[in-house]
>>> print(open('run.pdb').read())   # PDB, C-alpha atoms
MODEL        1
ATOM      1  CA  MET A 395     -12.595  16.610 -36.585
ATOM      2  CA  LYS A 396      -9.034  15.515 -37.196
ATOM      3  CA  ASP A 397      -7.743  12.434 -35.433
ATOM      4  CA  GLN A 398      -5.825  13.218 -32.293
ATOM      5  CA  LYS A 399      -2.101  12.522 -32.355
ATOM      6  CA  PRO A 400      -0.803   9.417 -30.530
ATOM      7  CA  ASP A 401       1.036  11.637 -28.061
ATOM      8  CA  PHE A 402      -2.157  13.495 -27.046
ATOM      9  CA  PRO A 403      -2.933  12.744 -23.361
ATOM     10  CA  ARG A 404      -6.568  11.633 -23.386
ATOM     11  CA  HIS A 405      -6.801   8.428 -21.332
ATOM     12  CA  PRO A 406      -7.446   8.470 -17.549
ATOM     13  CA  ILE A 407      -5.641   5.911 -15.412
ATOM     14  CA  GLY A 408      -8.660   3.600 -15.124
ATOM     15  CA  ILE A 409      -8.867   3.213 -18.907
ATOM     16  CA  VAL A 410      -5.116   2.644 -19.133
ATOM     17  CA  ALA A 411      -5.297  -0.030 -16.453
ATOM     18  CA  ARG A 412      -7.955  -1.924 -18.405
ATOM     19  CA  ARG A 413      -6.142  -1.604 -21.729
ATOM     20  CA  THR A 414      -2.695  -2.609 -20.451
ATOM     21  CA  GLY A 415      -3.641  -5.176 -17.826
ATOM     22  CA  LEU A 416      -1.654  -3.252 -15.202
ATOM     23  CA  THR A 417      -3.258  -2.051 -11.990
ATOM     24  CA  PRO A 418      -3.258   1.673 -11.137
ATOM     25  CA  ALA A 419      -0.855   0.935  -8.261
ATOM     26  CA  VAL A 420       1.641  -0.622 -10.684
ATOM     27  CA  LEU A 421       1.264   2.228 -13.169
ATOM     28  CA  ARG A 422       2.058   4.769 -10.440
ATOM     29  CA  ALA A 423       4.952   2.729  -9.100
ATOM     30  CA  TRP A 424       6.541   2.302 -12.544
ATOM     31  CA  GLU A 425       6.181   6.015 -13.202
ATOM     32  CA  ARG A 426       7.674   7.067  -9.860
ATOM     33  CA  ARG A 427      10.490   4.549  -9.675
ATOM     34  CA  TYR A 428      11.499   4.181 -13.302
ATOM     35  CA  GLY A 429       9.950   7.081 -15.230
ATOM     36  CA  VAL A 430       8.613   4.691 -17.878
ATOM     37  CA  VAL A 431       6.070   7.294 -19.038
ATOM     38  CA  LEU A 432       5.305  10.887 -18.076
ATOM     39  CA  PRO A 433       1.523  11.367 -18.141
ATOM     40  CA  LEU A 434      -0.045  14.792 -18.114
ATOM     41  CA  ARG A 435      -1.314  15.971 -14.722
ATOM     42  CA  THR A 436      -4.578  17.911 -14.606
ATOM     43  CA  GLU A 437      -5.160  20.764 -12.175
ATOM     44  CA  GLY A 438      -6.805  18.240  -9.859
ATOM     45  CA  GLY A 439      -3.729  15.992  -9.962
ATOM     46  CA  GLN A 440      -5.249  13.272 -12.173
ATOM     47  CA  ARG A 441      -3.056  11.462 -14.694
ATOM     48  CA  HIS A 442      -3.914  11.451 -18.414
ATOM     49  CA  TYR A 443      -2.020   9.126 -20.769
ATOM     50  CA  SER A 444      -1.476   9.216 -24.525
ATOM     51  CA  ASP A 445      -1.871   6.385 -27.042
ATOM     52  CA  ASP A 446       1.931   6.113 -27.129
ATOM     53  CA  ASP A 447       1.981   5.782 -23.339
ATOM     54  CA  VAL A 448      -0.571   2.968 -23.497
ATOM     55  CA  LEU A 449       1.437   1.132 -26.160
ATOM     56  CA  ARG A 450       4.692   1.505 -24.237
ATOM     57  CA  LEU A 451       3.113   0.267 -21.016
ATOM     58  CA  SER A 452       1.595  -2.729 -22.803
ATOM     59  CA  LEU A 453       5.013  -3.625 -24.232
ATOM     60  CA  LEU A 454       6.623  -3.278 -20.821
ATOM     61  CA  ARG A 455       4.038  -5.605 -19.309
ATOM     62  CA  ARG A 456       4.787  -8.216 -21.993
ATOM     63  CA  ALA A 457       8.524  -7.775 -21.395
ATOM     64  CA  THR A 458       8.192  -8.354 -17.650
ATOM     65  CA  GLU A 459       5.923 -11.374 -18.198
ATOM     66  CA  GLY A 460       8.714 -12.783 -20.358
ATOM     67  CA  GLY A 461      11.212 -12.492 -17.527
ATOM     68  CA  ARG A 462      12.700  -9.034 -18.108
ATOM     69  CA  ARG A 463      13.143  -6.637 -15.204
ATOM     70  CA  ILE A 464      11.158  -3.417 -15.431
ATOM     71  CA  SER A 465      14.334  -1.482 -14.603
ATOM     72  CA  GLN A 466      15.866  -2.898 -17.795
ATOM     73  CA  GLY A 467      12.828  -2.372 -20.014
ATOM     74  CA  ALA A 468      12.472   1.240 -18.894
ATOM     75  CA  LEU A 469      15.811   2.072 -20.569
ATOM     76  CA  PHE A 470      14.680   1.128 -24.087
ATOM     77  CA  SER A 471      13.045   3.338 -26.693
ATOM     78  CA  MET A 472       9.670   2.317 -28.104
ATOM     79  CA  GLU A 473      11.283   0.746 -31.162
ATOM     80  CA  GLN A 474      13.912  -1.090 -29.137
ATOM     81  CA  LEU A 475      11.265  -2.339 -26.721
ATOM     82  CA  GLN A 476       9.094  -3.616 -29.584
ATOM     83  CA  ARG A 477      12.038  -5.531 -31.069
ATOM     84  CA  LEU A 478      12.975  -6.936 -27.659
ATOM     85  CA  VAL A 479       9.468  -8.193 -26.949
ATOM     86  CA  THR A 480       9.111  -9.670 -30.445
ATOM     87  CA  GLU A 481      12.441 -11.506 -30.145
ATOM     88  CA  ASP A 482      11.689 -12.800 -26.657
ATOM     89  CA  GLU A 483       8.250 -14.071 -27.600
ATOM     90  CA  ALA A 484       9.539 -15.670 -30.800
ATOM     91  CA  GLN A 485      12.323 -17.450 -28.915
ATOM     92  CA  HIS A 486      10.032 -18.817 -26.238
ATOM     93  CA  ARG A 487       6.974 -19.558 -28.370
ATOM     94  CA  GLY A 488       5.930 -23.142 -27.913
ATOM     95  CA  SER A 489       8.219 -23.746 -24.953
ATOM     96  CA  TRP A 490       7.258 -20.996 -22.554
ATOM     97  CA  ALA A 491       4.064 -19.571 -21.199
ATOM     98  CA  PRO A 492       3.723 -17.261 -18.224
ATOM     99  CA  GLY A 493       2.338 -18.957 -15.135
ATOM    100  CA  PRO A 494      -0.830 -17.749 -13.501
ATOM    101  CA  PRO A 495      -0.249 -14.516 -11.601
ATOM    102  CA  VAL A 496      -0.088 -14.783  -7.829
ATOM    103  CA  GLY A 497      -2.837 -12.212  -7.546
ATOM    104  CA  LEU A 498      -5.592 -14.361  -9.065
ATOM    105  CA  SER A 499      -7.160 -14.673  -5.619
ATOM    106  CA  ALA A 500      -6.523 -13.415  -2.120
ATOM    107  CA  VAL A 501      -6.623 -17.007  -0.875
ATOM    108  CA  GLY A 502      -3.822 -17.976  -3.252
ATOM    109  CA  VAL A 503      -1.687 -15.011  -2.237
ATOM    110  CA  LEU A 504      -2.237 -15.755   1.452
ATOM    111  CA  GLU A 505      -1.330 -19.435   1.111
ATOM    112  CA  ARG A 506       1.889 -18.634  -0.753
ATOM    113  CA  ALA A 507       2.767 -15.928   1.767
ATOM    114  CA  GLN A 508       2.243 -18.326   4.692
ATOM    115  CA  ARG A 509       4.566 -20.882   3.086
ATOM    116  CA  ALA A 510       7.208 -18.193   2.546
ATOM    117  CA  VAL A 511       6.995 -17.235   6.238
ATOM    118  CA  GLU A 512       7.429 -20.850   7.372
ATOM    119  CA  GLU A 513      10.360 -21.309   4.967
ATOM    120  CA  MET A 514      11.941 -18.030   6.191
ATOM    121  CA  ASN A 515      12.099 -16.834   2.580
ATOM    122  CA  SER A 516      11.774 -13.090   3.119
ATOM    123  CA  GLY A 517      12.562 -12.161  -0.483
ATOM    124  CA  GLU A 518       9.873 -14.475  -1.805
ATOM    125  CA  LEU A 519       7.383 -13.162   0.749
ATOM    126  CA  GLU A 520       7.925  -9.605  -0.410
ATOM    127  CA  ARG A 521       7.612 -10.621  -4.073
ATOM    128  CA  ILE A 522       4.377 -12.516  -3.371
ATOM    129  CA  LEU A 523       2.805  -9.529  -1.618
ATOM    130  CA  THR A 524       3.936  -7.058  -4.294
ATOM    131  CA  ARG A 525       2.677  -9.219  -7.144
ATOM    132  CA  GLY A 526      -0.563  -9.719  -5.239
ATOM    133  CA  ALA A 527      -1.044  -5.967  -5.065
ATOM    134  CA  MET A 528      -0.484  -5.799  -8.818
ATOM    135  CA  GLY A 529      -3.371  -8.194  -9.480
ATOM    136  CA  LEU A 530      -5.833  -7.327  -6.710
ATOM    137  CA  PRO A 531      -7.234  -4.113  -5.238
ATOM    138  CA  LEU A 532      -4.934  -2.848  -2.513
ATOM    139  CA  THR A 533      -7.703  -2.934   0.084
ATOM    140  CA  THR A 534      -8.278  -6.622  -0.675
ATOM    141  CA  VAL A 535      -4.609  -7.388  -0.113
ATOM    142  CA  LEU A 536      -4.599  -5.452   3.165
ATOM    143  CA  GLU A 537      -7.748  -7.009   4.624
ATOM    144  CA  ASN A 538      -7.653 -10.511   3.141
ATOM    145  CA  VAL A 539      -3.905 -11.168   3.015
ATOM    146  CA  ILE A 540      -1.913  -8.960   5.395
ATOM    147  CA  VAL A 541      -4.326  -9.034   8.348
ATOM    148  CA  PRO A 542      -4.866 -12.837   8.336
ATOM    149  CA  LEU A 543      -1.166 -13.376   7.617
ATOM    150  CA  LEU A 544      -0.196 -11.443  10.749
ATOM    151  CA  GLY A 545      -2.844 -13.217  12.803
ATOM    152  CA  GLY A 546      -1.766 -16.592  11.461
ATOM    153  CA  MET A 547       1.840 -15.913  12.400
ATOM    154  CA  GLY A 548       0.775 -15.580  16.037
ATOM    155  CA  THR A 549      -1.117 -18.850  15.894
ATOM    156  CA  ALA A 550       1.767 -20.636  14.148
ATOM    157  CA  TRP A 551       4.142 -19.352  16.843
ATOM    158  CA  GLU A 552       1.882 -20.735  19.594
ATOM    159  CA  LYS A 553       1.755 -24.133  17.863
ATOM    160  CA  GLY A 554       5.522 -24.241  17.416
ATOM    161  CA  ARG A 555       5.539 -24.110  13.608
ATOM    162  CA  ILE A 556       7.523 -20.867  13.580
ATOM    163  CA  GLY A 557       9.750 -19.083  16.074
ATOM    164  CA  PRO A 558      10.798 -15.504  16.856
ATOM    165  CA  ALA A 559      13.272 -15.457  13.970
ATOM    166  CA  HIS A 560      10.494 -16.357  11.498
ATOM    167  CA  GLU A 561       8.293 -13.571  12.880
ATOM    168  CA  HIS A 562      11.038 -10.942  12.823
ATOM    169  CA  LEU A 563      12.118 -11.801   9.282
ATOM    170  CA  ALA A 564       8.546 -11.790   8.003
ATOM    171  CA  SER A 565       7.757  -8.494   9.748
ATOM    172  CA  VAL A 566      10.628  -6.796   7.948
ATOM    173  CA  SER A 567       9.302  -7.963   4.567
ATOM    174  CA  ILE A 568       5.733  -6.959   5.401
ATOM    175  CA  ARG A 569       6.890  -3.533   6.539
ATOM    176  CA  ARG A 570       8.826  -3.014   3.297
ATOM    177  CA  PHE A 571       5.792  -4.051   1.273
ATOM    178  CA  LEU A 572       3.496  -1.676   3.177
ATOM    179  CA  GLU A 573       5.960   1.202   2.768
ATOM    180  CA  TRP A 574       6.096   0.457  -0.967
ATOM    181  CA  ALA A 575       2.290   0.344  -1.132
ATOM    182  CA  LEU A 576       2.013   3.658   0.704
ATOM    183  CA  GLY A 577       4.355   5.227  -1.847
ATOM    184  CA  THR A 578       2.344   3.986  -4.835
ATOM    185  CA  VAL A 579      -1.002   5.497  -3.816
ATOM    186  CA  ASP A 580      -1.740   8.859  -5.408
ATOM    187  CA  GLU A 581      -4.002  10.685  -2.975
ATOM    188  CA  GLY A 582      -4.625  13.661  -5.273
ATOM    189  CA  LYS A 583      -4.560  17.366  -4.647
ATOM    190  CA  GLY A 584      -6.272  18.621  -1.508
ATOM    191  CA  ALA A 585      -6.606  15.197   0.149
ATOM    192  CA  PRO A 586      -7.158  15.273   3.944
ATOM    193  CA  VAL A 587      -4.159  14.165   5.980
ATOM    194  CA  LEU A 588      -4.072  11.112   8.247
ATOM    195  CA  LEU A 589      -1.218  10.604  10.709
ATOM    196  CA  ALA A 590      -0.516   7.048  11.928
ATOM    197  CA  ALA A 591       1.814   6.131  14.791
ATOM    198  CA  THR A 592       2.033   4.177  18.043
ATOM    199  CA  PRO A 593       2.055   5.749  21.518
ATOM    200  CA  ALA A 594       4.966   5.682  23.945
ATOM    201  CA  GLY A 595       6.115   2.174  24.825
ATOM    202  CA  GLU A 596       4.355   0.533  21.856
ATOM    203  CA  ARG A 597       6.887  -0.863  19.397
ATOM    204  CA  HIS A 598       4.529  -2.988  17.263
ATOM    205  CA  GLU A 599       4.386  -0.677  14.260
ATOM    206  CA  LEU A 600       2.700  -2.740  11.532
ATOM    207  CA  GLY A 601      -0.812  -1.910  12.731
ATOM    208  CA  ALA A 602      -0.126   1.812  12.441
ATOM    209  CA  LEU A 603       1.494   1.371   9.038
ATOM    210  CA  LEU A 604      -1.553  -0.612   7.914
ATOM    211  CA  SER A 605      -3.726   2.318   9.009
ATOM    212  CA  ALA A 606      -1.678   4.764   6.925
ATOM    213  CA  VAL A 607      -1.908   2.583   3.810
ATOM    214  CA  SER A 608      -5.635   1.947   4.328
ATOM    215  CA  GLY A 609      -6.258   5.657   4.694
ATOM    216  CA  ALA A 610      -4.369   6.331   1.482
ATOM    217  CA  ALA A 611      -6.503   3.719  -0.282
ATOM    218  CA  GLU A 612      -9.582   5.689   0.831
ATOM    219  CA  GLY A 613      -8.315   8.922  -0.709
ATOM    220  CA  TRP A 614      -6.481  10.384   2.300
ATOM    221  CA  LYS A 615      -2.841  11.393   2.437
ATOM    222  CA  GLY A 616      -1.426   8.753   4.782
ATOM    223  CA  ILE A 617       1.656   9.673   6.816
ATOM    224  CA  PHE A 618       3.388   7.034   8.928
ATOM    225  CA  LEU A 619       5.235   8.616  11.847
ATOM    226  CA  GLY A 620       6.676   5.429  13.345
ATOM    227  CA  PRO A 621       6.490   3.591  16.685
ATOM    228  CA  ASP A 622       6.968   4.475  20.374
ATOM    229  CA  LEU A 623       6.325   8.227  20.336
ATOM    230  CA  PRO A 624       5.590  10.427  23.377
ATOM    231  CA  ALA A 625       2.258  12.231  23.425
ATOM    232  CA  GLU A 626       3.808  15.653  22.862
ATOM    233  CA  GLU A 627       5.612  14.474  19.714
ATOM    234  CA  ILE A 628       2.433  13.043  18.207
ATOM    235  CA  VAL A 629       0.481  16.216  18.986
ATOM    236  CA  SER A 630       3.217  18.491  17.650
ATOM    237  CA  ALA A 631       3.458  16.554  14.371
ATOM    238  CA  ALA A 632      -0.325  16.471  13.966
ATOM    239  CA  ILE A 633      -0.587  20.237  14.329
ATOM    240  CA  LYS A 634       2.384  21.008  12.101
ATOM    241  CA  LEU A 635       1.207  18.662   9.333
ATOM    242  CA  GLU A 636      -2.390  19.973   9.582
ATOM    243  CA  VAL A 637      -3.862  16.495   9.894
ATOM    244  CA  ARG A 638      -7.561  15.757  10.180
ATOM    245  CA  LEU A 639      -7.182  12.406  11.908
ATOM    246  CA  VAL A 640      -4.615  10.677  14.136
ATOM    247  CA  ALA A 641      -4.678   6.856  14.120
ATOM    248  CA  LEU A 642      -2.798   5.018  16.879
ATOM    249  CA  ALA A 643      -2.186   1.256  17.081
ATOM    250  CA  CYS A 644      -2.055  -0.391  20.527
ATOM    251  CA  PHE A 645      -0.961  -4.023  20.859
ATOM    252  CA  ASP A 646       1.589  -4.518  23.638
ATOM    253  CA  PRO A 647      -0.094  -5.625  26.918
ATOM    254  CA  SER A 648       2.904  -4.336  28.895
ATOM    255  CA  THR A 649       1.727  -0.782  28.149
ATOM    256  CA  ARG A 650      -1.790  -1.394  29.508
ATOM    257  CA  GLN A 651      -1.293   0.576  32.725
ATOM    258  CA  ALA A 652       0.208   3.651  31.066
ATOM    259  CA  LEU A 653      -1.979   3.623  27.943
ATOM    260  CA  PRO A 654      -5.104   5.471  29.196
ATOM    261  CA  GLY A 655      -3.092   8.352  30.621
ATOM    262  CA  GLU A 656      -0.979   8.668  27.474
ATOM    263  CA  ILE A 657      -4.036   8.642  25.221
ATOM    264  CA  MET A 658      -5.884  11.168  27.388
ATOM    265  CA  LYS A 659      -2.893  13.481  27.203
ATOM    266  CA  ILE A 660      -2.927  13.276  23.413
ATOM    267  CA  ARG A 661      -6.679  13.906  23.300
ATOM    268  CA  ARG A 662      -6.460  16.920  25.597
ATOM    269  CA  GLU A 663      -3.614  18.544  23.665
ATOM    270  CA  LEU A 664      -4.928  17.842  20.165
ATOM    271  CA  PRO A 665      -7.195  20.532  18.677
ATOM    272  CA  ALA A 666     -10.845  19.540  18.998
ATOM    273  CA  ASP A 667     -11.317  19.284  15.225
ATOM    274  CA  ILE A 668      -8.669  16.549  14.889
ATOM    275  CA  TYR A 669     -10.162  13.085  15.226
ATOM    276  CA  LEU A 670      -8.328  10.533  17.384
ATOM    277  CA  VAL A 671      -8.847   6.860  16.522
ATOM    278  CA  LEU A 672      -7.313   3.819  18.222
ATOM    279  CA  GLY A 673      -7.022   0.262  16.977
ATOM    280  CA  GLY A 674      -5.481  -3.021  18.101
ATOM    281  CA  PRO A 675      -6.395  -5.601  20.758
ATOM    282  CA  LEU A 676      -5.120  -3.509  23.660
ATOM    283  CA  ALA A 677      -7.252  -0.538  22.613
ATOM    284  CA  VAL A 678     -10.291  -2.796  22.242
ATOM    285  CA  SER A 679      -9.772  -4.197  25.739
ATOM    286  CA  GLU A 680      -9.831  -0.623  27.109
ATOM    287  CA  GLU A 681     -12.629   0.498  24.776
ATOM    288  CA  GLU A 682     -15.175   1.544  27.394
ATOM    289  CA  ALA A 683     -12.798   3.832  29.287
ATOM    290  CA  LEU A 684     -11.313   5.339  26.130
ATOM    291  CA  MET A 685     -14.628   6.034  24.415
ATOM    292  CA  ALA A 686     -15.908   7.700  27.598
ATOM    293  CA  GLU A 687     -13.149  10.263  27.045
ATOM    294  CA  GLY A 688     -14.109  10.922  23.424
ATOM    295  CA  VAL A 689     -11.622   8.571  21.764
ATOM    296  CA  GLU A 690     -12.889   6.376  18.906
ATOM    297  CA  VAL A 691     -11.902   2.704  19.178
ATOM    298  CA  LEU A 692     -12.135   0.489  16.091
ATOM    299  CA  GLY A 693     -11.410  -3.200  16.253
ATOM    300  CA  THR A 694     -11.001  -4.008  12.552
ATOM    301  CA  LEU A 695      -9.327  -2.517   9.516
ATOM    302  CA  GLU A 696     -12.643  -2.667   7.674
ATOM    303  CA  GLY A 697     -14.249  -0.635  10.469
ATOM    304  CA  PHE A 698     -11.460   1.914  10.268
ATOM    305  CA  ARG A 699     -11.956   2.361   6.524
ATOM    306  CA  ALA A 700     -15.713   2.671   6.984
ATOM    307  CA  ASN A 701     -15.081   5.335   9.608
ATOM    308  CA  LEU A 702     -12.974   7.322   7.151
ATOM    309  CA  ARG A 703     -15.735   7.193   4.573
ATOM    310  CA  GLU A 704     -18.332   8.293   7.114
ATOM    311  CA  LEU A 705     -16.258  11.369   7.913
ATOM    312  CA  GLY A 706     -16.978  12.557   4.384
ATOM    313  CA  PHE A 707     -13.400  13.280   3.382
ATOM    314  CA  GLN A 708     -13.108  10.613   0.701
ATOM    315  CA  ARG A 709     -11.890  11.704  -2.713
TER     316      ARG A 709
ENDMDL
END
>>> encode(input="run.pdb", output="structure tokens")
Amino acid sequence: MKDQKPDFPRHPIGIVARRTGLTPAVLRAWERRYGVVLPLRTEGGQRHYSDDDVLRLSLLRRATEGGRRISQGALFSMEQLQRLVTEDEAQHRGSWAPGPPVGLSAVGVLERAQRAVEEMNSGELERILTRGAMGLPLTTVLENVIVPLLGGMGTAWEKGRIGPAHEHLASVSIRRFLEWALGTVDEGKGAPVLLAATPAGERHELGALLSAVSGAAEGWKGIFLGPDLPAEEIVSAAIKLEVRLVALACFDPSTRQALPGEIMKIRRELPADIYLVLGGPLAVSEEEALMAEGVEVLGTLEGFRANLRELGFQR
């Protein structure tokens, strides 16, 4: 058998991740945002990369570790990129070495993120979270960084270490990170659809966005509809988008009185084969009444992901 050409697409994304040192999330993000390589797509939507793709991606990783922006490196040909990396490494040899990646551990990412929140450094917070997702599984970042980070912000506020401005600034960065993460996940052809939102009056949207990203990490197509939506809008979108599950986040205690009626309206108007799942402290506090009406209440992100797997729709 003749050797296959270097441009023959024969490597699945898992192999490429191991060979290049880049996570699948980063590979997808670089492809979508910068077009650094164009892997072959199989009928099932899976990416296959060539030897040339692997080499180019490895060079781009070395270029970014040396301080280059990926947007710059993506513009170079293979030969130009090789020369650039060789020159950069020769210039810095002996006087420069890349520091340890933020994503070495979830604890390290969380500690750096907490400091960025207290220092009101929103740009650094977003960079820490993004780099963390490049070095750790996305589900680890969600459960062991984002969730405790949000919980810790509440505690820090109560103790006077941060104020409303800290919380608002950090929430913007976390939302941008989660939206980026949702865009990097490739759910594959034929993935079941999950719709995440918050009911009328509920403006705390990060819990719903977390649900969408977590669903995508489990092989679903996660769609984030946004906060504060009337029952009829949620039902209409769920039917039109042919979703299999609607996930609602409920946090604001001021909506406690109206919540059961709003949720019951959604449950009555949703087709019976669409699952309705609620999360958040307010939903947990009303768990008994909600579950009596056929609404699933899940108190943790881990429980939500386990629920998705139990439904049997995972990729």
>>> residues_near_point(input="run.pdb", point="(-7.2, 2.0, -0.3)", cutoff="8 Å", atoms="only C-alpha atoms", output="list in words")
Pro531, Leu532, Thr533, Val579, Val607, Ser608, Gly609, Ala610, Ala611, Glu612 and Gly613 of chain A
>>> resolve_selection(input="run.pdb", expression="the PyMOL selection byres ((chain A and resi 689-695) around 8)", output="PyMOL selection string")
chain A and resi 537+605+608+661+670-675+677-678+681+684-688+696-699
>>> resolve_selection(input="run.pdb", expression="the PyMOL selection byres ((chain A and resi 630) around 12)", output="PyMOL selection string")
chain A and resi 589+619+623-629+631-637+640+660+663-665
>>> residues_around(input="run.pdb", residues="Gly429 of chain A", least_positions_apart="3", cutoff="12 Å", atoms="all atoms listed in the file", output="PyMOL selection string")
chain A and resi 421-426+432-433+447+450-451+464-470
>>> atom_distance(input="run.pdb", atom1="atom CA of Glu682 of chain A", atom2="atom CA of Thr592 of chain A")
19.8 Å
